[in-house]
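Heads up, final_39.tsv below (TSV, C-alpha atoms):
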```
chain	number	residue	atom	x	y	z
U	1	GLN	CA	7.35	-16.68	5.90
U	2	VAL	CA	5.04	-15.91	3.00
U	3	GLN	CA	1.71	-14.33	3.86
U	4	LEU	CA	-1.16	-13.23	1.65
U	5	VAL	CA	-3.61	-10.99	3.44
U	6	GLU	CA	-6.93	-10.26	1.75
U	7	SER	CA	-9.32	-7.48	2.66
U	8	GLY	CA	-12.41	-5.77	1.32
U	9	GLY	CA	-15.06	-8.47	1.37
U	10	GLY	CA	-18.50	-7.89	2.77
U	11	LEU	CA	-22.23	-7.84	2.20
U	12	VAL	CA	-23.68	-5.65	-0.54
U	13	GLN	CA	-26.83	-5.43	-2.60
U	14	ALA	CA	-27.03	-6.39	-6.24
U	15	GLY	CA	-25.69	-3.64	-8.46
U	16	GLU	CA	-23.28	-2.28	-5.88
U	17	SER	CA	-19.49	-2.43	-5.87
U	18	LEU	CA	-16.71	-3.87	-3.74
U	19	ARG	CA	-12.96	-3.64	-3.94
U	20	LEU	CA	-10.82	-6.56	-2.81
U	21	SER	CA	-7.17	-6.12	-1.95
U	22	CYS	CA	-4.39	-8.60	-1.31
U	23	ALA	CA	-0.95	-7.85	0.05
U	24	ALA	CA	1.81	-10.43	-0.26
U	25	SER	CA	4.66	-10.30	2.22
U	26	GLY	CA	7.74	-12.42	2.76
U	27	ILE	CA	8.30	-12.91	-0.97
U	28	ILE	CA	11.75	-11.99	-2.24
U	29	LEU	CA	11.56	-13.45	-5.76
U	30	PRO	CA	9.56	-11.89	-8.61
U	31	ILE	CA	5.88	-12.80	-8.71
U	32	SER	CA	4.87	-13.89	-12.20
U	33	THR	CA	1.08	-14.03	-11.98
U	34	MET	CA	-1.33	-12.64	-9.40
U	35	ALA	CA	-4.92	-13.78	-9.44
U	36	TRP	CA	-8.26	-13.95	-7.72
U	37	TYR	CA	-10.23	-17.17	-7.50
U	38	ARG	CA	-13.59	-17.82	-5.91
U	39	GLN	CA	-15.40	-20.78	-4.51
U	40	ALA	CA	-19.06	-21.03	-3.58
U	41	PRO	CA	-20.37	-23.85	-1.36
U	42	GLY	CA	-20.59	-27.11	-3.26
U	43	THR	CA	-18.65	-25.84	-6.25
U	44	GLU	CA	-15.07	-26.04	-7.43
U	45	ARG	CA	-12.71	-23.13	-7.03
U	46	GLU	CA	-12.70	-21.09	-10.23
U	47	LEU	CA	-10.49	-18.41	-11.68
U	48	VAL	CA	-12.05	-14.96	-11.61
U	49	ALA	CA	-9.18	-12.92	-13.05
U	50	ASP	CA	-5.43	-12.92	-13.28
U	51	ILE	CA	-2.72	-10.49	-14.28
U	52	ASP	CA	0.86	-11.15	-15.26
U	53	ARG	CA	3.87	-9.07	-14.39
U	54	SER	CA	3.58	-7.00	-17.55
U	55	GLY	CA	-0.05	-6.17	-16.85
U	56	ILE	CA	-1.75	-8.55	-19.25
U	57	THR	CA	-5.10	-9.57	-17.79
U	58	ASN	CA	-7.46	-12.48	-18.17
U	59	TYR	CA	-11.05	-12.68	-16.94
U	60	ALA	CA	-13.72	-15.31	-16.52
U	61	ASP	CA	-16.52	-14.72	-19.01
U	62	SER	CA	-18.97	-14.24	-16.15
U	63	VAL	CA	-17.14	-11.14	-14.86
U	64	LYS	CA	-15.88	-9.52	-18.06
U	65	GLY	CA	-16.88	-5.88	-18.23
U	66	ARG	CA	-17.75	-5.75	-14.52
U	67	PHE	CA	-14.52	-6.65	-12.70
U	68	THR	CA	-11.07	-5.11	-13.08
U	69	ILE	CA	-7.86	-6.60	-11.74
U	70	SER	CA	-4.73	-4.54	-11.16
U	71	ARG	CA	-1.42	-4.97	-9.39
U	72	ASN	CA	1.47	-3.03	-7.95
U	73	ASN	CA	4.71	-4.90	-8.57
U	74	ALA	CA	6.72	-2.72	-6.21
U	75	LYS	CA	4.35	-3.40	-3.30
U	76	ASN	CA	3.36	-6.97	-4.24
U	77	THR	CA	-0.31	-6.10	-4.08
U	78	VAL	CA	-3.24	-7.05	-6.26
U	79	THR	CA	-6.73	-5.59	-6.25
U	80	LEU	CA	-10.04	-6.62	-7.75
U	81	GLN	CA	-12.56	-3.89	-8.41
U	82	MET	CA	-15.98	-5.51	-8.64
U	83	ASN	CA	-18.81	-3.44	-10.09
U	84	ARG	CA	-22.43	-4.25	-10.83
U	85	LEU	CA	-22.29	-7.20	-8.48
U	86	LYS	CA	-24.82	-9.99	-8.89
U	87	PRO	CA	-26.12	-12.55	-6.37
U	88	GLU	CA	-24.25	-15.24	-8.31
U	89	ASP	CA	-20.98	-13.48	-7.45
U	90	THR	CA	-21.49	-14.59	-3.84
U	91	SER	CA	-18.44	-16.66	-2.91
U	92	VAL	CA	-15.30	-16.80	-0.87
U	93	TYR	CA	-12.64	-14.97	-2.88
U	94	TYR	CA	-9.04	-16.13	-2.68
U	95	CYS	CA	-5.89	-14.29	-3.60
U	96	ASN	CA	-3.30	-16.36	-5.47
U	97	VAL	CA	0.28	-15.59	-6.43
U	98	LYS	CA	2.53	-17.69	-8.63
U	99	LEU	CA	6.28	-17.59	-8.60
U	100	ARG	CA	8.47	-19.66	-10.90
U	101	LEU	CA	8.64	-22.57	-8.45
U	102	ALA	CA	5.86	-21.95	-5.95
U	103	THR	CA	2.22	-20.94	-5.62
U	104	TYR	CA	0.65	-19.31	-2.58
U	105	TRP	CA	-2.95	-18.79	-1.48
U	106	GLY	CA	-4.64	-16.39	0.86
U	107	ARG	CA	-7.19	-17.55	3.40
U	108	GLY	CA	-10.10	-16.02	1.54
U	109	THR	CA	-12.58	-13.22	2.06
U	110	GLN	CA	-16.34	-13.61	1.91
U	111	VAL	CA	-18.34	-11.64	-0.64
U	112	THR	CA	-22.11	-11.83	-0.30
U	113	VAL	CA	-24.45	-10.12	-2.76
U	114	SER	CA	-28.11	-9.94	-1.85
U	115	ALA	CA	-30.83	-9.70	-4.46
```

Written as C-alpha coordinates, how would this file's structure read?
Amino acid sequence: QVQLVESGGGLVQAGESLRLSCAASGIILPISTMAWYRQAPGTERELVADIDRSGITNYADSVKGRFTISRNNAKNTVTLQMNRLKPEDTSVYYCNVKLRLATYWGRGTQVTVSA
(Lines of atoms letter the chains of each structure in order from A and count residues from 1; the text may use other names and numbers.)
(Lines give C-alpha, C1' and ligand atoms only; values in the text may rest on other atoms or scores of the structure.)
Protein backbone atom coordinates (compact mmCIF):
# COMPACT_ATOMS: atom_id res chain seq x y z
CA GLN A 1 0.00 0.00 0.00
CA VAL A 2 1.38 3.38 -1.01
CA GLN A 3 1.77 5.95 1.74
CA LEU A 4 3.06 9.50 1.65
CA VAL A 5 3.86 10.87 5.07
CA GLU A 6 4.52 14.58 5.42
CA SER A 7 6.16 16.29 8.36
CA GLY A 8 7.60 19.64 9.32
CA GLY A 9 4.64 21.98 9.24
CA GLY A 10 3.90 24.41 12.02
CA LEU A 11 3.42 27.99 13.12
CA VAL A 12 6.18 30.52 12.51
CA GLN A 13 6.56 34.26 12.26
CA ALA A 14 7.11 36.10 9.01
CA GLY A 15 10.73 35.92 7.93
CA GLU A 16 11.40 32.59 9.60
CA SER A 17 12.03 29.22 7.99
CA LEU A 18 10.45 25.78 7.91
CA ARG A 19 11.49 22.52 6.31
CA LEU A 20 8.86 20.11 5.03
CA SER A 21 9.65 16.48 4.41
CA CYS A 22 7.73 13.72 2.68
CA ALA A 23 8.56 10.03 2.69
CA ALA A 24 6.93 7.72 0.16
CA SER A 25 6.62 4.05 1.03
CA GLY A 26 5.14 1.08 -0.76
CA ILE A 27 6.30 2.28 -4.17
CA ILE A 28 8.32 -0.22 -6.18
CA LEU A 29 8.38 1.56 -9.55
CA PRO A 30 10.51 4.64 -10.30
CA ILE A 31 8.99 7.96 -9.28
CA SER A 32 9.21 10.46 -12.13
CA THR A 33 8.23 13.73 -10.47
CA MET A 34 7.96 14.69 -6.81
CA ALA A 35 6.23 17.91 -5.88
CA TRP A 36 4.72 20.10 -3.22
CA TYR A 37 1.36 21.76 -3.68
CA ARG A 38 -0.53 24.02 -1.34
CA GLN A 39 -4.11 25.01 -0.80
CA ALA A 40 -5.44 27.84 1.33
CA PRO A 41 -9.11 28.00 2.37
CA GLY A 42 -11.31 29.08 -0.51
CA THR A 43 -8.59 28.71 -3.12
CA GLU A 44 -7.58 26.06 -5.60
CA ARG A 45 -4.66 23.77 -4.95
CA GLU A 46 -1.56 25.21 -6.59
CA LEU A 47 1.86 23.90 -7.45
CA VAL A 48 4.60 25.24 -5.22
CA ALA A 49 7.58 23.34 -6.63
CA ASP A 50 8.43 20.12 -8.35
CA ILE A 51 11.55 18.15 -9.16
CA ASP A 52 12.07 15.41 -11.70
CA ARG A 53 14.19 12.33 -11.32
CA SER A 54 17.25 14.03 -12.79
CA GLY A 55 16.97 16.93 -10.37
CA ILE A 56 15.46 19.55 -12.65
CA THR A 57 13.29 21.86 -10.57
CA ASN A 58 10.36 24.15 -11.21
CA TYR A 59 8.97 26.78 -8.85
CA ALA A 60 5.91 28.98 -8.60
CA ASP A 61 6.86 32.60 -9.17
CA SER A 62 5.67 33.48 -5.67
CA VAL A 63 8.29 31.25 -4.01
CA LYS A 64 11.27 31.58 -6.35
CA GLY A 65 14.40 32.54 -4.45
CA ARG A 66 12.86 31.62 -1.08
CA PHE A 67 11.98 27.92 -1.36
CA THR A 68 14.20 25.02 -2.39
CA ILE A 69 12.98 21.56 -3.30
CA SER A 70 15.22 18.50 -3.20
CA ARG A 71 14.80 14.75 -3.34
CA ASN A 72 16.54 11.52 -2.51
CA ASN A 73 15.77 8.92 -5.16
CA ALA A 74 17.18 6.05 -3.14
CA LYS A 75 14.94 6.83 -0.16
CA ASN A 76 11.92 8.15 -2.09
CA THR A 77 11.89 11.34 -0.07
CA VAL A 78 11.32 14.95 -1.03
CA THR A 79 11.93 18.04 1.06
CA LEU A 80 10.93 21.67 0.76
CA GLN A 81 13.13 24.21 2.48
CA MET A 82 11.09 27.36 2.98
CA ASN A 83 12.94 30.54 3.90
CA ARG A 84 11.78 34.10 4.43
CA LEU A 85 8.24 32.91 4.93
CA LYS A 86 5.40 35.35 4.39
CA PRO A 87 1.83 35.37 5.78
CA GLU A 88 0.58 34.60 2.27
CA ASP A 89 2.47 31.29 2.41
CA THR A 90 -0.06 30.10 4.99
CA SER A 91 -1.67 26.97 3.55
CA VAL A 92 -1.98 23.25 3.84
CA TYR A 93 1.00 21.80 1.96
CA TYR A 94 0.61 18.50 0.13
CA CYS A 95 3.25 16.11 -1.07
CA ASN A 96 2.66 14.66 -4.54
CA VAL A 97 4.46 11.91 -6.43
CA LYS A 98 3.91 10.92 -10.03
CA LEU A 99 4.74 7.57 -11.50
CA ARG A 100 4.25 6.68 -15.15
CA LEU A 101 0.71 5.42 -14.57
CA ALA A 102 -0.30 6.75 -11.16
CA THR A 103 -0.26 9.83 -8.96
CA TYR A 104 -0.33 9.84 -5.18
CA TRP A 105 -1.03 12.54 -2.59
CA GLY A 106 -0.15 12.97 1.03
CA ARG A 107 -2.72 14.08 3.58
CA GLY A 108 -1.19 17.52 3.97
CA THR A 109 0.60 19.48 6.65
CA GLN A 110 -0.44 22.90 7.89
CA VAL A 111 1.94 25.83 7.57
CA THR A 112 0.88 29.03 9.29
CA VAL A 113 2.91 32.23 9.06
CA SER A 114 1.97 35.07 11.36
CA ALA A 115 2.67 38.68 10.50

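With distances taken over all atoms listed in the file, U:Val92 is the one residue among U:Lys98, U:Leu47, U:Arg38, U:Val92 lying closest to U:Gln110.
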
Exercise. Which residues come within 7 Å of U:Asn58, counting all atoms listed in the file, excluding same-chain residues fewer than 6 positions away, as a PyMOL selection string?
Worked result: chain U and resi 49-51

Mind working out the centre and edge lengths of an axis-aligned box for stretch 42-53 of chain U, all listed atoms inside, 5 Å added to each side, rounded to one decimal in Å and written as JSON?
```
{"center_x": -8.4, "center_y": -18.1, "center_z": -9.3, "size_x": 34.5, "size_y": 28.0, "size_z": 22.0}
```

Problem set entry | atom CA of U:Leu29 to atom CA of U:Val78, distance in Å rounded to a single decimal |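 Atom-to-atom, atom CA of U:Leu29 to atom CA of U:Val78, that is 16.1 Å.
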
For this session: Work out how far apart atom CA of U:Gly15 and atom CA of U:Lys86 are and give it in Å to one decimal.
Result: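 Between atom CA of U:Gly15 and atom CA of U:Lys86 the gap is 6.4 Å.
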
Problem set entry | Length of the atom CA of U:Ser114 to atom CA of U:Leu4 vector [Å] |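 Answer for the atom CA of U:Ser114 to atom CA of U:Leu4 separation: 27.4 Å.
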
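Using all atoms listed in the file for every distance, the candidate list U:Gly106, U:Pro87, U:Gly10, U:Gly55 yields U:Gly106 as the residue closest to U:Ala24.
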
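Of the residues listed (U:Arg100, U:Arg107, U:Arg66, U:Arg71), U:Arg100 shows the shortest atom-to-atom separation from U:Ile31; distances use all atoms listed in the file.
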
For this session: Identify, on the basis of only C-alpha atoms, every residue whose closest approach to U:Ser21 does not exceed 7 Å; exclude the query and any residue fewer than 2 positions from it along the same chain; express the result as a PyMOL selection string.
Result: chain U and resi 6-8+19+23+78-80

Could the residues in this selection be saved with C-alpha atoms as a PDB file, in the frame of the given file?
```
ATOM      1  CA  GLU U   6      -6.930 -10.260   1.750  1.00  0.00           C
ATOM      2  CA  SER U   7      -9.320  -7.480   2.660  1.00  0.00           C
ATOM      3  CA  GLY U   8     -12.410  -5.770   1.320  1.00  0.00           C
ATOM      4  CA  ARG U  19     -12.960  -3.640  -3.940  1.00  0.00           C
ATOM      5  CA  ALA U  23      -0.950  -7.850   0.050  1.00  0.00           C
ATOM      6  CA  VAL U  78      -3.240  -7.050  -6.260  1.00  0.00           C
ATOM      7  CA  THR U  79      -6.730  -5.590  -6.250  1.00  0.00           C
ATOM      8  CA  LEU U  80     -10.040  -6.620  -7.750  1.00  0.00           C
TER       9      LEU U  80
END
```

Problem set entry | Residue nearest U:Ala74 among U:Asn96, U:Thr43, U:Ser25, U:Ser62 (counting all atoms listed in the file) |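 Distance minimum relative to U:Ala74 lands on U:Ser25.
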
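When only C-alpha atoms are used to measure the gap to U:Pro30, the shortest distance among U:Lys75, U:Thr90, U:Leu85, U:Thr109 belongs to U:Lys75.
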
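Of the listed residues U:Ala40, U:Val97, U:Thr77, U:Glu88, the one whose atoms come nearest to U:Val63 is U:Glu88, with distances taken using all atoms listed in the file.
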
For this session: Find the residues near U:Leu99: any atom within 12 Å, counting all atoms listed in the file, skip ones fewer than 4 places away on the same chain, and give them as a list in words.
Result: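 Listing them by chain and then by number gives Val2, Ala24, Ile27, Ile28, Leu29, Pro30, Ile31, Ser32, Thr33, Met34, Ala35, Asp52, Arg53, Asn76, Thr103, Tyr104 and Trp105 of chain U.
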